[in-house]
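Asker: Sharing a structure below in structure tokens format, with a few things to ask.
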Protein chains: 2
Amino acid sequence: MKSTTIIDVAKKAQVSVATVSRVVNGNYPVKEATKKKVLEAIKDLEYIPNIQARELNTQHSSIIGIIVPSLFNTFFAEVVSGIESFSTSSGYSLLLTYTKDDPICEKECMNELLMRNVSGIINISPNTERVDSSFFDQMASRIPLVFINSYIKRPAISYVYNDERIGTKIALEHLVSLGHQNICFVRGERSDSYEFKEDVYIEFMKKMGCYNPENIINVSAGNSIDTVELTAKKIVEFLPNRKDVTAFFCCNDLMGVGAVNACRRLNLKIPEDISIMGYDNVSLSHFIEPKLTTMDQNMMTLGWTAASLLMEKIASDNKTSRQVVLQNTLVLRDTTGPCKTNK
Amino acid sequence: MKSTTIIDVAKKAQVSVATVSRVVNGNYPVKEATKKKVLEAIKDLEYIPNIQARELNTQHSSIIGIIVPSLFNTFFAEVVSGIESFSTSSGYSLLLTYTKDDPICEKECMNELLMRNVSGIINISPNTERVDSSFFDQMASRIPLVFINSYIKRPAISYVYNDERIGTKIALEHLVSLGHQNICFVRGERSDSYEFKEDVYIEFMKKMGCYNPENIINVSAGNSIDTVELTAKKIVEFLPNRKDVTAFFCCNDLMGVGAVNACRRLNLKIPEDISIMGYDNVSLSHFIEPKLTTMDQNMMTLGWTAASLLMEKIASDNKTSRQVVLQNTLVLRDTTGPCKTNK
DNA sequence: TTGAAAGCGCTAACAG
DNA sequence: CTGTTAGCGCTTTCAA
């Protein structure tokens, strides 16, 4: 499987390899007649340039490394699409690695990408708190790094994330504006984002004078294939004993959909009897009916911005870092409505 | 951002680059003391070998190119996970490209991967009928190619696919066994898999003596974020004029969910009034309620097998090809039931 | 057990 | 405008 090289083309066209290189890259003047000869030879030989060799030479790579926990959660798939939409148009390709939610694996991914000489790395939902942060500092000094939705900040790394504190508040205010007071908080375990949201929730509810710690439900795994069903079961168990609850705030859309399913099983009408807020606005949230009211996490923008931040970093030879904060916006759909008891 | 090279290590350890290479690769004997010196230098300098240079030299690559239409349908994400589970353990990385359902783009992806010198390409759901098949032959002669769920077969390409003909038949038989006769076929455009499902459908319905070309609905984009809604709208339009239709066979689960939504909007009870079959068994199919009856496409196995077939091809220097056929199995859930008019 | 050196395919001075 | 040549970082003969 020996492939044709620039030398073969040069021989066939009876010119030097430099000339071939010139017509391929179009970066230096070449006489029209010569160019034609070369182009012909390229076509005859079905020559395709070897980018690896080119990039070894130019000391420049056009591959972006991506680190995701998995693609199973469409949140990540949507972010990757956002990255792709930016990077493809700038001539970059995507090298994809999986952490499987394992910090050790995450380190390996980084090393792997470094060896492959990618021009930069985008890490979606890094496990910063579980990996020695000096590791990230060290990495950041070697290669442009952009983190998406990371909670720890290091000076040499660029970040894009949503302000989920404000987003949570907006969501809760929406429910309150509809007259809800007994709002149940549904979360998963082991993610800073749940902690943040819970903090905001507790403070908010206390200020309203209707905080009740029993209204916090933890469904354990928050991003697994089982999250929907886990949530549904928990709520089917919980709700019958808590008739006063009129709304659910769910930390992500999987939980939101689980809540919808639970209420259906309990023969509750949505949103007449009970209101449900999701979070993320993954496609699932509008695939189901009633369509889920949720907070948009701007996945496409997240990915797109991450890619553009990475380009900035590459352009500045990794000398600059920047942070971009996006705002979650309320996506009003069919699962929230006026509180029954206040009608 | 100059990174440390093998030369730096050699200098620091006061040995030749060849020796460093030997300890890095562990493929030739090196005296213990020397090895220790080198290892120390590597650690001090935080040396990471440049795989691009290595592979340029060894004429061997350890990257697998993947071509997907998009990641919006989790079908693809799940297949990619299957590929990943095999390839990572064999030391291969994944270069991901998107066709956006565009045959031109698909060709570009192939070229892009070829230029990047990947060791082989896995194409998930190729668009074979719209691309000049000589293009694929030509590609196959240059680089190991594995197609997943492809329609056309070329001798130099390896294939894994589900026998969707039999699967489609099983699905249709399931509907017929419930008494359905006027079964509507819902497909998208531009994918081989729709074509052969339609073939089977037509033949099947003709044999039953109830084929009606008007019962074939094309929702256009079959794998986009809009597929669910597109399908729902089409069916909401279609169904009121076709009261005789009692069941839908949908070419994938996105369409299946769209059909469920449509029937709900029309106040039809599922499965009492109407039955719906999906196809794929993506997670979405059991996230919604009623949970979708569907055909399992073994996405993980599909991906895993594709990767192993690719390894075979690489090992044989692209001299051998093989085909693996998997069977779709019926996943009985809540959206199919006895035909009303036959009750 | 080690080093010197050729070369993987390509680009970019430099010289003509 | 075009050819010659020196590498990019690495592996691997071939000699020592």
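Residue numbering restarts at 1 for every chain of the structure tokens, chains are lettered A, B, ... in their displayed order, and ligands are numbered from 1 as they appear.
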Dump as a PyMOL selection string the residues of chain D that approach chain B to within 9 Å, counting only C-alpha atoms (C1' of nucleotides).
Answerer: chain D and resi 8-12
Asker: With a distance cut-off of 9 Å and only C-alpha atoms (C1' of nucleotides), select the neighbouring residues of DT1 in chain C, excluding the residue or stretch itself and same-chain residues fewer than 4 positions from it, and output the selection as a PyMOL selection string.
Answerer: chain B and resi 29-31
Asker: Hey, what's within 12 Å of Leu172 in chain B if we count only C-alpha atoms (C1' of nucleotides) and toss same-chain stuff fewer than 2 positions away? As a VMD selection string, please?
Answerer: chain B and resid 164 to 170 174 to 185 197 to 198 200 to 205 208 247 to 251 275 to 279 294 to 295 330 336
Asker: Save out the residues we just selected, N, CA and C atoms, as a compact mmCIF listing (two decimals), in the first residue's frame.
Answerer:
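Dumped everything to result-v6.txt:
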# COMPACT_ATOMS: atom_id res chain seq x y z
N GLU B 164 -31.38 -5.65 7.83
CA GLU B 164 -32.56 -4.82 8.03
C GLU B 164 -33.73 -5.29 7.18
N ARG B 165 -33.42 -6.09 6.18
CA ARG B 165 -34.52 -6.67 5.41
C ARG B 165 -35.32 -7.60 6.31
N ILE B 166 -34.58 -8.53 6.93
CA ILE B 166 -35.27 -9.44 7.83
C ILE B 166 -35.89 -8.66 8.99
N GLY B 167 -35.13 -7.68 9.49
CA GLY B 167 -35.63 -6.88 10.60
C GLY B 167 -36.94 -6.18 10.24
N THR B 168 -36.95 -5.61 9.05
CA THR B 168 -38.15 -4.92 8.60
C THR B 168 -39.31 -5.90 8.50
N LYS B 169 -38.97 -7.07 8.00
CA LYS B 169 -40.01 -8.10 7.86
C LYS B 169 -40.56 -8.51 9.22
N ILE B 170 -39.64 -8.70 10.16
CA ILE B 170 -40.08 -9.08 11.51
C ILE B 170 -41.01 -8.01 12.08
N HIS B 174 -44.87 -8.43 12.92
CA HIS B 174 -45.39 -8.15 14.26
C HIS B 174 -46.68 -7.34 14.15
N LEU B 175 -46.64 -6.33 13.31
CA LEU B 175 -47.83 -5.49 13.14
C LEU B 175 -49.00 -6.30 12.57
N VAL B 176 -48.67 -7.13 11.57
CA VAL B 176 -49.72 -7.94 10.95
C VAL B 176 -50.30 -8.93 11.94
N SER B 177 -49.43 -9.47 12.78
CA SER B 177 -49.92 -10.46 13.76
C SER B 177 -50.90 -9.81 14.74
N LEU B 178 -50.81 -8.49 14.82
CA LEU B 178 -51.75 -7.78 15.70
C LEU B 178 -53.01 -7.38 14.92
N GLY B 179 -53.05 -7.77 13.67
CA GLY B 179 -54.24 -7.51 12.88
C GLY B 179 -54.16 -6.29 11.97
N HIS B 180 -53.01 -5.63 11.94
CA HIS B 180 -52.90 -4.43 11.11
C HIS B 180 -52.71 -4.80 9.64
N GLN B 181 -53.36 -4.04 8.80
CA GLN B 181 -53.19 -4.27 7.36
C GLN B 181 -52.82 -2.99 6.64
N ASN B 182 -53.41 -1.92 7.04
CA ASN B 182 -53.07 -0.64 6.43
C ASN B 182 -51.95 0.01 7.22
N ILE B 183 -50.77 -0.38 6.84
CA ILE B 183 -49.59 0.06 7.57
C ILE B 183 -48.88 1.14 6.76
N CYS B 184 -48.65 2.25 7.41
CA CYS B 184 -48.00 3.37 6.75
C CYS B 184 -46.48 3.27 6.95
N PHE B 185 -45.74 3.58 5.90
CA PHE B 185 -44.27 3.48 5.95
C PHE B 185 -43.67 4.88 6.01
N LYS B 197 -35.41 -0.80 3.21
CA LYS B 197 -36.61 -1.02 4.03
C LYS B 197 -37.87 -0.82 3.17
N GLU B 198 -37.78 0.18 2.34
CA GLU B 198 -38.96 0.44 1.49
C GLU B 198 -39.20 -0.73 0.54
N VAL B 200 -38.53 -3.86 0.98
CA VAL B 200 -39.15 -4.95 1.73
C VAL B 200 -40.60 -4.62 2.02
N TYR B 201 -40.82 -3.40 2.43
CA TYR B 201 -42.19 -2.98 2.76
C TYR B 201 -43.13 -3.17 1.57
N ILE B 202 -42.68 -2.69 0.42
CA ILE B 202 -43.53 -2.77 -0.77
C ILE B 202 -43.85 -4.22 -1.12
N GLU B 203 -42.77 -5.02 -1.11
CA GLU B 203 -42.97 -6.43 -1.45
C GLU B 203 -43.93 -7.09 -0.46
N PHE B 204 -43.69 -6.78 0.80
CA PHE B 204 -44.51 -7.37 1.86
C PHE B 204 -45.98 -6.98 1.71
N MET B 205 -46.20 -5.70 1.50
CA MET B 205 -47.58 -5.22 1.41
C MET B 205 -48.28 -5.76 0.17
N MET B 208 -49.39 -9.12 0.79
CA MET B 208 -50.59 -9.09 1.65
C MET B 208 -51.80 -8.59 0.87
N ALA B 247 -51.58 1.59 11.58
CA ALA B 247 -50.24 1.39 12.14
C ALA B 247 -49.19 2.12 11.32
N PHE B 248 -48.10 2.50 12.00
CA PHE B 248 -46.97 3.13 11.33
C PHE B 248 -45.72 2.30 11.52
N PHE B 249 -45.04 2.08 10.41
CA PHE B 249 -43.68 1.53 10.51
C PHE B 249 -42.73 2.68 10.22
N CYS B 250 -41.87 3.02 11.18
CA CYS B 250 -40.98 4.16 10.99
C CYS B 250 -39.53 3.69 10.84
N CYS B 251 -38.81 4.27 9.92
CA CYS B 251 -37.46 3.80 9.59
C CYS B 251 -36.44 4.07 10.70
N SER B 275 -51.05 1.88 16.19
CA SER B 275 -49.79 1.27 16.62
C SER B 275 -48.61 1.92 15.92
N ILE B 276 -47.50 2.02 16.64
CA ILE B 276 -46.31 2.63 16.05
C ILE B 276 -45.07 1.79 16.34
N MET B 277 -44.34 1.49 15.26
CA MET B 277 -43.07 0.77 15.38
C MET B 277 -41.94 1.73 15.07
N GLY B 278 -40.94 1.75 15.92
CA GLY B 278 -39.75 2.50 15.60
C GLY B 278 -38.71 1.56 15.02
N TYR B 279 -37.49 2.06 14.88
CA TYR B 279 -36.40 1.20 14.41
C TYR B 279 -35.10 1.78 14.95
N THR B 294 -39.75 -1.21 19.14
CA THR B 294 -38.75 -0.91 18.11
C THR B 294 -37.92 -2.14 17.77
N MET B 295 -37.05 -1.99 16.77
CA MET B 295 -36.12 -3.07 16.41
C MET B 295 -34.72 -2.67 16.88
N LEU B 330 -36.65 -7.81 17.85
CA LEU B 330 -37.85 -7.03 18.20
C LEU B 330 -37.81 -6.66 19.69
N THR B 336 -47.30 -0.67 20.38
CA THR B 336 -48.00 -1.52 19.41
C THR B 336 -49.01 -2.39 20.15
Asker: Which residues of chain C have any atom within 10 Å of an atom in chain B when counting only C-alpha atoms (C1' of nucleotides), and what is the closest pair of atoms for each, with the distance in Å to one decimal? Order the rows by chain and rising number and write it as JSON lines.
Answerer:
{"residue": "C:DT1", "atom": "C1'", "partner": "B:Val30", "partner_atom": "CA", "distance": 6.1}
{"residue": "C:DT2", "atom": "C1'", "partner": "B:Thr19", "partner_atom": "CA", "distance": 7.1}
{"residue": "C:DG3", "atom": "C1'", "partner": "B:Ser16", "partner_atom": "CA", "distance": 6.1}
{"residue": "C:DA4", "atom": "C1'", "partner": "B:Ser16", "partner_atom": "CA", "distance": 9.0}
{"residue": "C:DG7", "atom": "C1'", "partner": "B:Asn57", "partner_atom": "CA", "distance": 8.0}
{"residue": "C:DC8", "atom": "C1'", "partner": "B:Asn57", "partner_atom": "CA", "distance": 4.2}
{"residue": "C:DG9", "atom": "C1'", "partner": "B:Leu56", "partner_atom": "CA", "distance": 7.7}
Asker: Can you tell me which residues surround range 223-227 of chain B at a distance of at most 9 Å, considering only C-alpha atoms (C1' of nucleotides), apart from same-chain residues fewer than 6 positions away, and format the answer as a PyMOL selection string?
Answerer: (chain A and resi 283) or (chain B and resi 69-73+100-101+188+252+254-255+258)
Asker: Write a file of the just-selected residues containing all heavy atoms, as a JSON list (two decimals), in the first residue's frame.
Answerer:
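Saved the output as selection-v2.json:
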[["chain", "number", "residue", "atom", "x", "y", "z"],
["A", 283, "SER", "N", -31.89, 18.10, 22.85],
["A", 283, "SER", "CA", -32.96, 17.85, 21.89],
["A", 283, "SER", "C", -34.08, 17.02, 22.50],
["A", 283, "SER", "O", -35.25, 17.23, 22.19],
["A", 283, "SER", "CB", -32.40, 17.18, 20.64],
["A", 283, "SER", "OG", -31.58, 16.10, 20.99],
["B", 69, "PRO", "N", -22.94, 10.94, 9.54],
["B", 69, "PRO", "CA", -23.79, 12.01, 9.01],
["B", 69, "PRO", "C", -23.89, 13.16, 10.03],
["B", 69, "PRO", "O", -23.82, 14.32, 9.68],
["B", 69, "PRO", "CB", -25.14, 11.35, 8.83],
["B", 69, "PRO", "CG", -24.86, 9.89, 8.78],
["B", 69, "PRO", "CD", -23.67, 9.68, 9.66],
["B", 70, "SER", "N", -24.04, 12.82, 11.28],
["B", 70, "SER", "CA", -24.15, 13.81, 12.35],
["B", 70, "SER", "C", -24.19, 13.04, 13.65],
["B", 70, "SER", "O", -24.29, 11.82, 13.64],
["B", 70, "SER", "CB", -25.42, 14.63, 12.23],
["B", 70, "SER", "OG", -26.50, 13.93, 12.81],
["B", 71, "LEU", "N", -24.12, 13.74, 14.74],
["B", 71, "LEU", "CA", -24.25, 13.03, 16.02],
["B", 71, "LEU", "C", -25.60, 13.29, 16.66],
["B", 71, "LEU", "O", -25.86, 12.91, 17.79],
["B", 71, "LEU", "CB", -23.13, 13.46, 16.98],
["B", 71, "LEU", "CG", -21.74, 12.96, 16.63],
["B", 71, "LEU", "CD1", -20.73, 13.45, 17.64],
["B", 71, "LEU", "CD2", -21.70, 11.44, 16.59],
["B", 72, "PHE", "N", -26.49, 13.97, 15.93],
["B", 72, "PHE", "CA", -27.78, 14.32, 16.53],
["B", 72, "PHE", "C", -28.65, 13.11, 16.77],
["B", 72, "PHE", "O", -29.40, 13.06, 17.72],
["B", 72, "PHE", "CB", -28.51, 15.36, 15.68],
["B", 72, "PHE", "CG", -27.98, 16.72, 15.93],
["B", 72, "PHE", "CD1", -27.51, 17.51, 14.90],
["B", 72, "PHE", "CD2", -27.93, 17.23, 17.22],
["B", 72, "PHE", "CE1", -27.00, 18.77, 15.14],
["B", 72, "PHE", "CE2", -27.42, 18.49, 17.47],
["B", 72, "PHE", "CZ", -26.95, 19.26, 16.42],
["B", 73, "ASN", "N", -28.57, 12.17, 15.85],
["B", 73, "ASN", "CA", -29.24, 10.92, 16.12],
["B", 73, "ASN", "C", -28.28, 10.11, 16.97],
["B", 73, "ASN", "O", -27.18, 9.79, 16.54],
["B", 73, "ASN", "CB", -29.55, 10.19, 14.82],
["B", 73, "ASN", "CG", -30.37, 8.95, 15.05],
["B", 73, "ASN", "OD1", -30.38, 8.41, 16.15],
["B", 73, "ASN", "ND2", -31.05, 8.50, 14.02],
["B", 100, "LYS", "N", -22.87, 15.71, 7.24],
["B", 100, "LYS", "CA", -24.10, 16.52, 7.23],
["B", 100, "LYS", "C", -25.07, 16.01, 6.18],
["B", 100, "LYS", "O", -25.76, 16.81, 5.54],
["B", 100, "LYS", "CB", -23.75, 17.99, 6.94],
["B", 100, "LYS", "CG", -22.94, 18.64, 8.05],
["B", 100, "LYS", "CD", -21.99, 19.66, 7.50],
["B", 100, "LYS", "CE", -20.83, 19.90, 8.44],
["B", 100, "LYS", "NZ", -19.62, 20.31, 7.73],
["B", 101, "ASP", "N", -25.07, 14.71, 5.98],
["B", 101, "ASP", "CA", -25.99, 14.09, 5.02],
["B", 101, "ASP", "C", -25.76, 14.56, 3.59],
["B", 101, "ASP", "O", -26.67, 14.48, 2.77],
["B", 101, "ASP", "CB", -27.45, 14.37, 5.42],
["B", 101, "ASP", "CG", -27.96, 13.29, 6.36],
["B", 101, "ASP", "OD1", -27.66, 12.11, 6.10],
["B", 101, "ASP", "OD2", -28.62, 13.62, 7.35],
["B", 188, "GLY", "N", -37.01, 8.67, 5.55],
["B", 188, "GLY", "CA", -36.36, 9.93, 5.27],
["B", 188, "GLY", "C", -35.76, 9.87, 3.89],
["B", 188, "GLY", "O", -35.97, 8.90, 3.15],
["B", 252, "ASN", "N", -36.72, 5.00, 11.57],
["B", 252, "ASN", "CA", -35.88, 5.10, 12.76],
["B", 252, "ASN", "C", -36.68, 5.64, 13.95],
["B", 252, "ASN", "O", -37.84, 6.03, 13.79],
["B", 252, "ASN", "CB", -34.58, 5.89, 12.51],
["B", 252, "ASN", "CG", -34.81, 7.38, 12.32],
["B", 252, "ASN", "OD1", -35.72, 7.97, 12.91],
["B", 252, "ASN", "ND2", -33.97, 8.00, 11.51],
["B", 254, "LEU", "N", -36.38, 8.30, 15.74],
["B", 254, "LEU", "CA", -36.75, 9.71, 15.73],
["B", 254, "LEU", "C", -38.10, 9.88, 15.05],
["B", 254, "LEU", "O", -38.99, 10.58, 15.54],
["B", 254, "LEU", "CB", -35.69, 10.54, 14.98],
["B", 254, "LEU", "CG", -34.31, 10.62, 15.61],
["B", 254, "LEU", "CD1", -33.38, 11.45, 14.74],
["B", 254, "LEU", "CD2", -34.38, 11.24, 17.00],
["B", 255, "MET", "N", -38.24, 9.19, 13.94],
["B", 255, "MET", "CA", -39.52, 9.24, 13.23],
["B", 255, "MET", "C", -40.60, 8.60, 14.08],
["B", 255, "MET", "O", -41.74, 9.06, 14.12],
["B", 255, "MET", "CB", -39.40, 8.53, 11.88],
["B", 255, "MET", "CG", -38.34, 9.14, 10.97],
["B", 255, "MET", "SD", -38.10, 8.16, 9.47],
["B", 255, "MET", "CE", -36.52, 8.80, 8.91],
["B", 258, "GLY", "N", -41.73, 10.99, 16.52],
["B", 258, "GLY", "CA", -42.54, 11.99, 15.82],
["B", 258, "GLY", "C", -43.95, 11.47, 15.59],
["B", 258, "GLY", "O", -44.94, 12.19, 15.79]]
Asker: Give me every strand (DSSP E or B) residue in range 131-319 of chain B, going by DSSP on the backbone, as number ranges by chain.
Answerer: B: 145-148, 158-162, 183-187, 216-218, 247-250, 275-277, 280, 293-296
Asker: Residues of chain A near chain B: apply a cut-off of 9 Å, count only C-alpha atoms, and supply the list as number ranges by chain.
Answerer: A: 1-3, 48-53, 55-56, 59, 63, 70-74, 77-78, 80-81, 84, 88, 93-98, 111-112, 114-117, 141-143, 225, 228-229, 254, 257-258, 261, 264, 283-284, 286-290, 317-318
